[in-house]
Amino acid sequence: MTYARARLWLGMVTVAVFVSASSLLLLFEIPEFVLGRERPTAFGDALGLAVFVGAYAAAHVTSDVVGALLIPAAFGRLDRRRSDVLLGLVRGIVLHSLGLWVISLTLLFAARTAGLLGVLCAAFLVSIALLALRPSIAQGIGRLRRVPGESAVFSSADRGFTGGIDGVIAARSISIPRVWQDTLEADELDAVLGRRKAASVSGAFVRGRIGSLMFTLSGVAVAGLLVGSAELGTAEGIVRLSLWFTLWSFVGLLVLPTLSRRAIARADAECGMGDRALDALAKVDRLGDDEGDRPAIIETIFHPVPAIDRRSEDTNVGGTGFWDIARMSLYLSAAGLGLLGRAVHCNAGRPELWAYLPSA
């Protein structure tokens with residue numbers, strides 16, 4: 001058992017728990033039984049949704065602690081005091097839960113105002129806000145800090161933080177972790193950033209952003225139709241929207257990674273995979289899950305970022321790539337109250353990575 005494989009098992013179990021729980025809650029109509037379909041007072045709605053978000057946070061605690069403390073400690077990767085890890089985790093959970101509660105109230109108000117159309121408009125606006133404010137959200141939830149004099153360089157307590165390309169639709173800036181500056185030589189850093197720059201100008205980034213937005217809004221539309229426009233105006237209806245959207249997100253976990261890998265393969269082909277590039281990518285991988293190679297079937301299902309060995313061997317760049325569509329869709333799943341946004345293997349128990357899931 002390696003560190004990466006232990007995290008993979010944690011992610012698989014956590015996702016399975018929330019997908020199974022969502023299915024059972026819908027099957028046995030538990031939200032209707034607990035909350036009812038009547039329209040209570042505004043306080044009653046807010047309280048009901050707060051209980052739902054609190055129950056979600058409580059159900060996630062085991063996965064959070066295992067991912068934050070137990071697995072890193074077991075593999076000698078716990079490089080902070082346990083108290084610091086727990087305090088950061090509590091901060092992240094509280095702020096993440098508060099954000100979900102505010103989003104749930106926004107969706108409820110929109111549903112009462114304009115039904116399903118209102119919910120779709122609200123989800124779109126929330127998605128845009130999540131994209132535009134991602135650096136600030138990451139600084140709040142994950143305690144990231146901008147390096148003085150470096151507006152796009154962040155210090156993070158988690159060495160697996162990779163930053164990413166920022167922007168709503170068009171690329172605005174490229175965020176990187178301070179540890180890359182400390183670990184990589186200048187030409188190695190250029191080799192890693194070159195892939196993000198290639199994605200920014202090739203159209204892969206724009207396709208990824210539009211694709212993740214469309215996937216999110218399509219999921220909200222499908223979930224809203226399954227709930228029914230009239231029921232969306234109740235706390236019970238918003239909870240069922242969340243559960244249906246969680247199942248939609250699970251489908252995304254299975255089908256979207258392939259599109260992300262194609263974009264990375266294209267960027268690798270455009271930038272070249274010389275020895276310095278391979279050395280740089282290997283160093284970055286060791287900071288993260290440290291899994292330079294993995295079985296093809298595991299990568300196909302679970303990993304939108306190819307293993308280093310496969311990137312050096314794979315010359316197939318056919319098909320259209322959508323940069324970071326898989327993990328960006330997980331981040332945007334908050335707009336539909338999805339419950340899998342921090343349940344996957346790469347960020348379970350790691351609040352520093354809840355807004356910036358690891359990317360290429």
# chains A, B, ... in the order shown; residues from 1 in each chain; ligands from 1
$ select_by_dssp --residues "range 67-237 of chain A" --states "helix (DSSP H, G or I)" --output "PyMOL selection string"
chain A and resi 67-74+82-132+134-141+178-183+186-202+204-227+231-233+235-237
$ residues_around --residues "Glu32 in chain A" --least-positions-apart "5" --cutoff "12 Å" --atoms "only C-alpha atoms" --output "list in words"
Leu25, Leu26, Leu27, Arg37, Glu38, Gly48, Val227, Glu231, Thr234, Ala235, Glu236, Gly237, Ile238, Val239 and Arg240 of chain A
$ closest_atom_pairs --of "range 102-185 of chain A" --to "range 345-357 of chain A" --cutoff "6 Å" --atoms "only C-alpha atoms" --output "CSV"
residue,atom,partner,partner_atom,distance
A:Ala138,CA,A:Ala355,CA,5.3
A:Gly142,CA,A:Glu352,CA,3.8
A:Gly163,CA,A:Tyr356,CA,5.9
$ atom_distance --atom1 "CA of Phe154 in chain A" --atom2 "CA of Arg77 in chain A"
20.5 Å
$ closest_residue --among "A:Leu332, A:Leu100, A:Val344, A:Ile93" --to "Ala132 in chain A" --atoms "only C-alpha atoms"
A:Leu332
$ select_by_dssp --residues "range 56-279 of chain A" --states "strand (DSSP E or B)" --output "ChimeraX atom specification"
/A:145-147,150-155,164-166,173-177
$ atom_distance --atom1 "CA of Ser63 in chain A" --atom2 "CA of Leu24 in chain A"
19.9 Å
$ closest_residue --among "A:Gly321, A:Gly336, A:Pro358, A:Gly36" --to "Trp101 in chain A" --atoms "only C-alpha atoms"
A:Gly336
$ residues_around --residues "Ser151 in chain A" --least-positions-apart "6" --cutoff "12 Å" --atoms "only C-alpha atoms" --output "number ranges by chain"
A: 135, 145, 173-178
$ residues_around --residues "Ser249 in chain A" --least-positions-apart "4" --cutoff "12 Å" --atoms "only C-alpha atoms" --output "ChimeraX atom specification"
/A:15,18-19,22,212,215-220,222-223,242-245,253-256,326-344
$ write_last_selection --atoms "N, CA, C and O atoms" --output "short mmCIF file (atom, residue, chain, number, x, y, z; two decimals), in the first residue's frame"
data_model
loop_
_atom_site.label_atom_id
_atom_site.label_comp_id
_atom_site.auth_asym_id
_atom_site.auth_seq_id
_atom_site.Cartn_x
_atom_site.Cartn_y
_atom_site.Cartn_z
N VAL A 15 -16.66 8.71 -1.63
CA VAL A 15 -17.61 8.94 -2.72
C VAL A 15 -18.73 7.90 -2.68
O VAL A 15 -19.91 8.24 -2.84
N PHE A 18 -21.32 8.78 0.05
CA PHE A 18 -22.23 9.89 -0.24
C PHE A 18 -23.15 9.59 -1.42
O PHE A 18 -24.31 10.03 -1.43
N VAL A 19 -22.68 8.84 -2.39
CA VAL A 19 -23.55 8.45 -3.50
C VAL A 19 -24.62 7.48 -3.01
O VAL A 19 -25.81 7.61 -3.36
N SER A 22 -27.10 9.38 -0.80
CA SER A 22 -28.01 10.21 -1.61
C SER A 22 -29.08 9.35 -2.27
O SER A 22 -30.26 9.72 -2.29
N SER A 212 -17.21 22.87 -18.06
CA SER A 212 -17.55 22.66 -16.65
C SER A 212 -18.78 23.45 -16.25
O SER A 212 -19.62 22.97 -15.47
N PHE A 215 -21.73 21.54 -17.78
CA PHE A 215 -21.99 20.31 -17.03
C PHE A 215 -22.71 20.63 -15.73
O PHE A 215 -23.67 19.93 -15.34
N THR A 216 -22.28 21.69 -15.05
CA THR A 216 -22.90 22.08 -13.78
C THR A 216 -24.35 22.50 -13.98
O THR A 216 -25.26 22.04 -13.28
N LEU A 217 -24.59 23.38 -14.95
CA LEU A 217 -25.95 23.88 -15.18
C LEU A 217 -26.86 22.78 -15.71
O LEU A 217 -28.05 22.75 -15.38
N SER A 218 -26.32 21.88 -16.52
CA SER A 218 -27.13 20.75 -17.00
C SER A 218 -27.56 19.87 -15.83
O SER A 218 -28.70 19.41 -15.76
N GLY A 219 -26.63 19.66 -14.88
CA GLY A 219 -26.97 18.87 -13.70
C GLY A 219 -28.03 19.53 -12.85
O GLY A 219 -28.95 18.86 -12.35
N VAL A 220 -27.93 20.85 -12.69
CA VAL A 220 -28.96 21.58 -11.93
C VAL A 220 -30.31 21.47 -12.63
O VAL A 220 -31.35 21.28 -11.98
N VAL A 222 -31.38 19.07 -14.73
CA VAL A 222 -31.91 17.70 -14.60
C VAL A 222 -32.42 17.46 -13.19
O VAL A 222 -33.52 16.93 -12.99
N ALA A 223 -31.63 17.86 -12.19
CA ALA A 223 -32.06 17.67 -10.80
C ALA A 223 -33.32 18.46 -10.50
O ALA A 223 -34.24 17.96 -9.83
N SER A 242 -30.07 18.81 -4.14
CA SER A 242 -28.69 18.50 -3.76
C SER A 242 -28.39 17.01 -3.96
O SER A 242 -27.33 16.65 -4.49
N LEU A 243 -29.30 16.17 -3.54
CA LEU A 243 -29.07 14.72 -3.64
C LEU A 243 -29.03 14.26 -5.09
O LEU A 243 -28.17 13.46 -5.48
N TRP A 244 -29.96 14.76 -5.90
CA TRP A 244 -29.94 14.40 -7.32
C TRP A 244 -28.69 14.93 -8.00
O TRP A 244 -28.08 14.25 -8.84
N PHE A 245 -28.29 16.15 -7.65
CA PHE A 245 -27.10 16.72 -8.26
C PHE A 245 -25.85 15.94 -7.86
O PHE A 245 -24.90 15.83 -8.63
N LEU A 253 -17.57 12.18 -12.47
CA LEU A 253 -16.32 11.57 -12.02
C LEU A 253 -15.89 10.45 -12.95
O LEU A 253 -14.68 10.16 -13.07
N LEU A 254 -16.83 9.80 -13.61
CA LEU A 254 -16.52 8.67 -14.47
C LEU A 254 -16.19 9.07 -15.90
O LEU A 254 -15.39 8.39 -16.56
N VAL A 255 -16.79 10.15 -16.40
CA VAL A 255 -16.67 10.46 -17.83
C VAL A 255 -15.78 11.66 -18.13
O VAL A 255 -15.24 11.77 -19.24
N LEU A 256 -15.61 12.58 -17.20
CA LEU A 256 -14.88 13.80 -17.50
C LEU A 256 -13.35 13.69 -17.44
O LEU A 256 -12.66 14.44 -18.15
N ALA A 326 -12.65 18.09 -15.37
CA ALA A 326 -13.11 17.14 -14.36
C ALA A 326 -13.09 17.76 -12.96
O ALA A 326 -14.09 17.76 -12.24
N ARG A 327 -11.94 18.29 -12.58
CA ARG A 327 -11.83 18.81 -11.22
C ARG A 327 -12.46 20.19 -11.08
O ARG A 327 -12.91 20.56 -9.99
N MET A 328 -12.52 20.97 -12.15
CA MET A 328 -13.24 22.24 -12.07
C MET A 328 -14.73 21.99 -11.88
O MET A 328 -15.41 22.74 -11.16
N SER A 329 -15.26 20.95 -12.50
CA SER A 329 -16.68 20.61 -12.33
C SER A 329 -16.95 20.21 -10.88
O SER A 329 -18.03 20.50 -10.35
N LEU A 330 -15.98 19.57 -10.23
CA LEU A 330 -16.16 19.24 -8.81
C LEU A 330 -16.19 20.52 -7.97
O LEU A 330 -17.00 20.64 -7.05
N TYR A 331 -15.31 21.45 -8.27
CA TYR A 331 -15.31 22.72 -7.53
C TYR A 331 -16.63 23.46 -7.73
O TYR A 331 -17.23 23.96 -6.77
N LEU A 332 -17.11 23.50 -8.97
CA LEU A 332 -18.36 24.21 -9.26
C LEU A 332 -19.59 23.46 -8.78
O LEU A 332 -20.69 24.02 -8.77
N SER A 333 -19.44 22.21 -8.38
CA SER A 333 -20.60 21.44 -7.92
C SER A 333 -21.26 22.08 -6.71
O SER A 333 -22.42 21.79 -6.41
N ALA A 334 -20.55 22.97 -6.02
CA ALA A 334 -21.16 23.69 -4.90
C ALA A 334 -22.36 24.50 -5.35
O ALA A 334 -23.29 24.73 -4.58
N ALA A 335 -22.37 24.94 -6.63
CA ALA A 335 -23.49 25.73 -7.14
C ALA A 335 -24.77 24.91 -7.20
O ALA A 335 -25.87 25.49 -7.21
N GLY A 336 -24.67 23.60 -7.24
CA GLY A 336 -25.83 22.72 -7.21
C GLY A 336 -25.94 21.97 -5.89
O GLY A 336 -26.67 20.98 -5.79
N LEU A 337 -25.19 22.42 -4.89
CA LEU A 337 -25.13 21.76 -3.57
C LEU A 337 -24.67 20.32 -3.67
O LEU A 337 -25.13 19.45 -2.93
N GLY A 338 -23.78 20.04 -4.62
CA GLY A 338 -23.22 18.70 -4.73
C GLY A 338 -22.41 18.35 -3.50
O GLY A 338 -21.76 19.21 -2.88
N LEU A 339 -22.42 17.07 -3.13
CA LEU A 339 -21.78 16.62 -1.90
C LEU A 339 -20.45 15.92 -2.12
O LEU A 339 -19.89 15.32 -1.20
N LEU A 340 -19.91 15.99 -3.35
CA LEU A 340 -18.67 15.28 -3.65
C LEU A 340 -17.48 16.20 -3.87
O LEU A 340 -16.39 15.74 -4.19
N GLY A 341 -17.66 17.50 -3.68
CA GLY A 341 -16.62 18.46 -4.02
C GLY A 341 -15.33 18.30 -3.24
O GLY A 341 -14.26 18.68 -3.72
N ARG A 342 -15.40 17.75 -2.04
CA ARG A 342 -14.18 17.53 -1.25
C ARG A 342 -14.10 16.09 -0.75
O ARG A 342 -13.50 15.82 0.29
N ALA A 343 -14.69 15.18 -1.53
CA ALA A 343 -14.72 13.78 -1.13
C ALA A 343 -13.74 12.92 -1.91
O ALA A 343 -13.51 11.76 -1.55
N VAL A 344 -13.14 13.44 -2.98
CA VAL A 344 -12.31 12.64 -3.86
C VAL A 344 -10.91 12.47 -3.29
O VAL A 344 -10.51 13.19 -2.38
#
$ residues_around --residues "range 1-8 of chain A" --least-positions-apart "2" --cutoff "10 Å" --atoms "only C-alpha atoms" --output "short mmCIF file (atom, residue, chain, number, x, y, z; two decimals) with N, CA, C and O atoms, in the first residue's frame"
data_model
loop_
_atom_site.label_atom_id
_atom_site.label_comp_id
_atom_site.auth_asym_id
_atom_site.auth_seq_id
_atom_site.Cartn_x
_atom_site.Cartn_y
_atom_site.Cartn_z
N LEU A 10 -9.41 5.92 0.19
CA LEU A 10 -10.20 6.86 0.97
C LEU A 10 -11.21 7.58 0.09
O LEU A 10 -12.39 7.71 0.45
N GLY A 11 -10.76 8.05 -1.06
CA GLY A 11 -11.67 8.75 -1.97
C GLY A 11 -12.78 7.86 -2.46
O GLY A 11 -13.95 8.28 -2.53
N MET A 12 -12.45 6.62 -2.84
CA MET A 12 -13.47 5.70 -3.35
C MET A 12 -14.52 5.41 -2.28
O MET A 12 -15.72 5.42 -2.57
N VAL A 13 -14.08 5.19 -1.06
CA VAL A 13 -15.02 4.88 0.02
C VAL A 13 -15.89 6.10 0.32
O VAL A 13 -17.12 5.98 0.48
N THR A 14 -15.27 7.28 0.39
CA THR A 14 -16.03 8.49 0.71
C THR A 14 -17.07 8.79 -0.37
O THR A 14 -18.24 9.10 -0.07
N VAL A 66 -9.20 11.22 8.52
CA VAL A 66 -8.33 10.20 7.91
C VAL A 66 -7.44 10.85 6.85
O VAL A 66 -6.24 10.58 6.78
N GLY A 67 -8.04 11.69 6.01
CA GLY A 67 -7.27 12.32 4.95
C GLY A 67 -6.29 13.37 5.44
O GLY A 67 -5.23 13.55 4.85
N ILE A 71 -3.65 9.18 7.27
CA ILE A 71 -2.89 8.71 6.12
C ILE A 71 -1.54 9.42 6.01
O ILE A 71 -0.50 8.77 5.84
N PRO A 72 -1.49 10.76 6.11
CA PRO A 72 -0.17 11.40 6.07
C PRO A 72 0.77 10.90 7.17
O PRO A 72 1.97 10.69 6.93
N ALA A 74 0.77 7.97 8.63
CA ALA A 74 1.16 6.58 8.37
C ALA A 74 2.27 6.48 7.33
O ALA A 74 3.05 5.52 7.34
N PHE A 75 2.37 7.47 6.44
CA PHE A 75 3.37 7.40 5.37
C PHE A 75 4.44 8.48 5.53
O PHE A 75 5.15 8.80 4.57
N GLY A 76 4.58 9.02 6.73
CA GLY A 76 5.64 9.97 7.01
C GLY A 76 5.52 11.28 6.26
O GLY A 76 6.53 11.93 5.96
N ARG A 77 4.30 11.69 5.95
CA ARG A 77 4.09 12.93 5.20
C ARG A 77 3.37 13.99 6.03
O ARG A 77 2.89 14.98 5.48
N GLY A 288 3.10 15.96 -4.58
CA GLY A 288 1.70 15.59 -4.46
C GLY A 288 1.53 14.15 -3.99
O GLY A 288 1.95 13.80 -2.89
N ASP A 289 0.95 13.32 -4.84
CA ASP A 289 0.68 11.94 -4.44
C ASP A 289 1.86 11.01 -4.62
O ASP A 289 1.83 9.87 -4.17
N ASP A 290 2.91 11.46 -5.32
CA ASP A 290 4.12 10.67 -5.51
C ASP A 290 3.80 9.30 -6.11
O ASP A 290 4.13 8.25 -5.55
N GLU A 291 3.14 9.33 -7.27
CA GLU A 291 2.78 8.09 -7.96
C GLU A 291 3.14 8.27 -9.44
O GLU A 291 2.30 8.63 -10.26
N GLY A 292 4.41 8.02 -9.75
CA GLY A 292 4.88 8.24 -11.11
C GLY A 292 4.28 7.31 -12.13
O GLY A 292 4.26 7.62 -13.33
N ARG A 294 1.01 4.15 -12.66
CA ARG A 294 -0.16 3.49 -12.09
C ARG A 294 -0.82 2.64 -13.17
O ARG A 294 -0.63 2.90 -14.37
N ILE A 298 -6.88 2.14 -13.52
CA ILE A 298 -7.06 3.06 -12.41
C ILE A 298 -6.99 4.49 -12.90
O ILE A 298 -7.79 5.35 -12.51
N PHE A 302 -10.05 7.19 -12.48
CA PHE A 302 -9.92 8.07 -11.31
C PHE A 302 -9.02 9.28 -11.49
O PHE A 302 -9.04 10.17 -10.64
N HIS A 303 -8.21 9.34 -12.54
CA HIS A 303 -7.18 10.37 -12.59
C HIS A 303 -7.28 11.23 -13.85
O HIS A 303 -6.97 10.76 -14.95
N VAL A 344 -13.14 13.44 -2.98
CA VAL A 344 -12.31 12.64 -3.86
C VAL A 344 -10.91 12.47 -3.29
O VAL A 344 -10.51 13.19 -2.38
N HIS A 345 -10.16 11.54 -3.86
CA HIS A 345 -8.88 11.15 -3.26
C HIS A 345 -7.87 12.29 -3.20
O HIS A 345 -7.04 12.35 -2.28
N CYS A 346 -7.92 13.22 -4.15
CA CYS A 346 -6.89 14.26 -4.20
C CYS A 346 -7.08 15.35 -3.18
O CYS A 346 -6.12 16.09 -2.89
N ASN A 347 -8.27 15.50 -2.59
CA ASN A 347 -8.45 16.62 -1.66
C ASN A 347 -9.22 16.27 -0.40
O ASN A 347 -9.54 17.16 0.38
N ALA A 348 -9.53 15.01 -0.15
CA ALA A 348 -10.25 14.62 1.06
C ALA A 348 -9.41 14.98 2.30
O ALA A 348 -8.27 14.56 2.44
#
$ closest_atom_pairs --of "range 230-338 of chain A" --to "range 186-202 of chain A" --cutoff "9 Å" --atoms "only C-alpha atoms" --output "tab-separated table"
residue	atom	partner	partner_atom	distance
A:Ala263	CA	A:Ala199	CA	7.4
A:Ile264	CA	A:Arg195	CA	7.7
A:Arg266	CA	A:Ala199	CA	8.5
A:Ala267	CA	A:Arg195	CA	5.3
A:Asp268	CA	A:Arg195	CA	6.6
A:Glu270	CA	A:Ala198	CA	7.4
A:Cys271	CA	A:Arg195	CA	6.5
A:Gly272	CA	A:Ala191	CA	8.9
A:Met273	CA	A:Ala191	CA	9.0
A:Arg276	CA	A:Glu188	CA	6.0
A:Ala277	CA	A:Ala191	CA	5.4
A:Leu278	CA	A:Glu188	CA	8.8
A:Asp279	CA	A:Glu188	CA	7.4
A:Ala280	CA	A:Glu188	CA	5.0
A:Leu281	CA	A:Val192	CA	6.7
A:Val284	CA	A:Val192	CA	8.8
A:Trp323	CA	A:Ala199	CA	6.9
$ write_last_selection --atoms "N, CA, C and O atoms" --output "short mmCIF file (atom, residue, chain, number, x, y, z; two decimals), in the first residue's frame"
data_model
loop_
_atom_site.label_atom_id
_atom_site.label_comp_id
_atom_site.auth_asym_id
_atom_site.auth_seq_id
_atom_site.Cartn_x
_atom_site.Cartn_y
_atom_site.Cartn_z
N ALA A 263 -6.47 17.12 -22.95
CA ALA A 263 -5.92 18.48 -22.98
C ALA A 263 -4.48 18.49 -22.51
O ALA A 263 -3.64 19.22 -23.06
N ILE A 264 -4.17 17.71 -21.48
CA ILE A 264 -2.80 17.64 -20.98
C ILE A 264 -1.88 17.01 -22.02
O ILE A 264 -0.75 17.47 -22.24
N ARG A 266 -2.22 17.10 -25.20
CA ARG A 266 -2.00 18.08 -26.26
C ARG A 266 -0.96 19.11 -25.83
O ARG A 266 -0.08 19.48 -26.60
N ALA A 267 -1.06 19.60 -24.59
CA ALA A 267 -0.09 20.57 -24.10
C ALA A 267 1.31 19.97 -24.02
O ALA A 267 2.30 20.63 -24.36
N ASP A 268 1.40 18.71 -23.60
CA ASP A 268 2.70 18.03 -23.57
C ASP A 268 3.30 17.93 -24.97
O ASP A 268 4.50 18.13 -25.17
N GLU A 270 2.72 19.89 -27.52
CA GLU A 270 3.09 21.21 -28.01
C GLU A 270 4.36 21.74 -27.35
O GLU A 270 5.17 22.42 -27.99
N CYS A 271 4.55 21.41 -26.07
CA CYS A 271 5.69 21.94 -25.34
C CYS A 271 6.91 21.02 -25.37
O CYS A 271 8.02 21.45 -25.05
N GLY A 272 6.68 19.75 -25.72
CA GLY A 272 7.77 18.79 -25.73
C GLY A 272 7.96 18.14 -24.37
O GLY A 272 7.64 18.73 -23.33
N MET A 273 8.49 16.93 -24.39
CA MET A 273 8.71 16.17 -23.15
C MET A 273 10.18 15.79 -23.03
O MET A 273 10.55 14.61 -22.96
N ARG A 276 14.42 17.73 -19.06
CA ARG A 276 14.18 18.74 -18.04
C ARG A 276 12.70 18.84 -17.70
O ARG A 276 12.33 19.03 -16.54
N ALA A 277 11.86 18.70 -18.72
CA ALA A 277 10.42 18.73 -18.46
C ALA A 277 10.01 17.54 -17.62
O ALA A 277 9.22 17.67 -16.67
N LEU A 278 10.55 16.36 -17.94
CA LEU A 278 10.21 15.17 -17.17
C LEU A 278 10.71 15.29 -15.73
O LEU A 278 10.01 14.90 -14.78
N ASP A 279 11.93 15.83 -15.56
CA ASP A 279 12.44 16.03 -14.20
C ASP A 279 11.54 16.97 -13.41
O ASP A 279 11.25 16.73 -12.24
N ALA A 280 11.11 18.06 -14.06
CA ALA A 280 10.25 19.02 -13.38
C ALA A 280 8.91 18.40 -13.00
O ALA A 280 8.44 18.57 -11.86
N LEU A 281 8.29 17.70 -13.93
CA LEU A 281 7.00 17.09 -13.65
C LEU A 281 7.11 16.02 -12.57
O LEU A 281 6.21 15.85 -11.74
N VAL A 284 7.25 17.77 -9.19
CA VAL A 284 5.91 18.23 -8.82
C VAL A 284 5.07 17.06 -8.34
O VAL A 284 4.33 17.16 -7.36
N TRP A 323 -9.39 21.51 -20.75
CA TRP A 323 -8.44 21.67 -19.66
C TRP A 323 -9.14 21.71 -18.31
O TRP A 323 -10.00 22.54 -18.05
#
$ residues_around --residues "Gly115 in chain A" --least-positions-apart "4" --cutoff "10 Å" --atoms "only C-alpha atoms" --output "MDAnalysis selection string"
chainID A and resid 107:111 119:120 224 228:233
$ write_last_selection --atoms "N, CA, C and O atoms" --output "compact mmCIF listing (two decimals), in the first residue's frame"
# COMPACT_ATOMS: atom_id res chain seq x y z
N LEU A 107 -30.52 29.49 -3.64
CA LEU A 107 -31.31 28.65 -4.54
C LEU A 107 -32.77 28.61 -4.10
O LEU A 107 -33.68 28.63 -4.94
N LEU A 108 -33.00 28.56 -2.79
CA LEU A 108 -34.38 28.53 -2.28
C LEU A 108 -35.11 29.82 -2.64
O LEU A 108 -36.25 29.79 -3.12
N PHE A 109 -34.47 30.94 -2.41
CA PHE A 109 -35.08 32.23 -2.73
C PHE A 109 -35.36 32.33 -4.23
O PHE A 109 -36.44 32.80 -4.65
N ALA A 110 -34.41 31.88 -5.05
CA ALA A 110 -34.61 31.93 -6.50
C ALA A 110 -35.76 31.03 -6.93
O ALA A 110 -36.55 31.39 -7.82
N ALA A 111 -35.88 29.86 -6.29
CA ALA A 111 -36.96 28.94 -6.63
C ALA A 111 -38.31 29.54 -6.26
O ALA A 111 -39.29 29.42 -7.01
N VAL A 119 -33.83 29.02 -10.28
CA VAL A 119 -32.75 28.19 -9.75
C VAL A 119 -31.59 28.11 -10.74
O VAL A 119 -30.42 28.19 -10.36
N LEU A 120 -31.91 27.95 -12.03
CA LEU A 120 -30.85 27.90 -13.04
C LEU A 120 -30.08 29.21 -13.10
O LEU A 120 -28.84 29.21 -13.19
N GLY A 224 -33.39 19.69 -11.02
CA GLY A 224 -34.58 20.51 -10.79
C GLY A 224 -35.82 19.92 -11.42
O GLY A 224 -36.91 19.95 -10.83
N GLY A 228 -39.11 18.94 -9.43
CA GLY A 228 -40.35 19.62 -9.77
C GLY A 228 -40.28 21.08 -9.37
O GLY A 228 -39.83 21.41 -8.27
N SER A 229 -40.71 21.95 -10.26
CA SER A 229 -40.59 23.39 -10.02
C SER A 229 -41.31 23.83 -8.75
O SER A 229 -40.81 24.67 -8.00
N ALA A 230 -42.46 23.27 -8.49
CA ALA A 230 -43.23 23.69 -7.32
C ALA A 230 -42.51 23.32 -6.02
O ALA A 230 -42.45 24.11 -5.08
N GLU A 231 -41.97 22.10 -5.97
CA GLU A 231 -41.31 21.64 -4.76
C GLU A 231 -39.97 22.32 -4.51
O GLU A 231 -39.45 22.31 -3.39
N LEU A 232 -39.36 22.91 -5.55
CA LEU A 232 -38.07 23.58 -5.37
C LEU A 232 -38.16 24.76 -4.41
O LEU A 232 -37.16 25.16 -3.83
N GLY A 233 -39.34 25.29 -4.23
CA GLY A 233 -39.51 26.43 -3.34
C GLY A 233 -39.62 26.06 -1.89
O GLY A 233 -40.05 26.87 -1.07
$ closest_residue --among "A:Thr106, A:Phe322, A:Leu117, A:Pro148" --to "Leu225 in chain A" --atoms "only C-alpha atoms"
A:Leu117
$ atom_distance --atom1 "CA of Val61 in chain A" --atom2 "CA of Asp84 in chain A"
16.5 Å
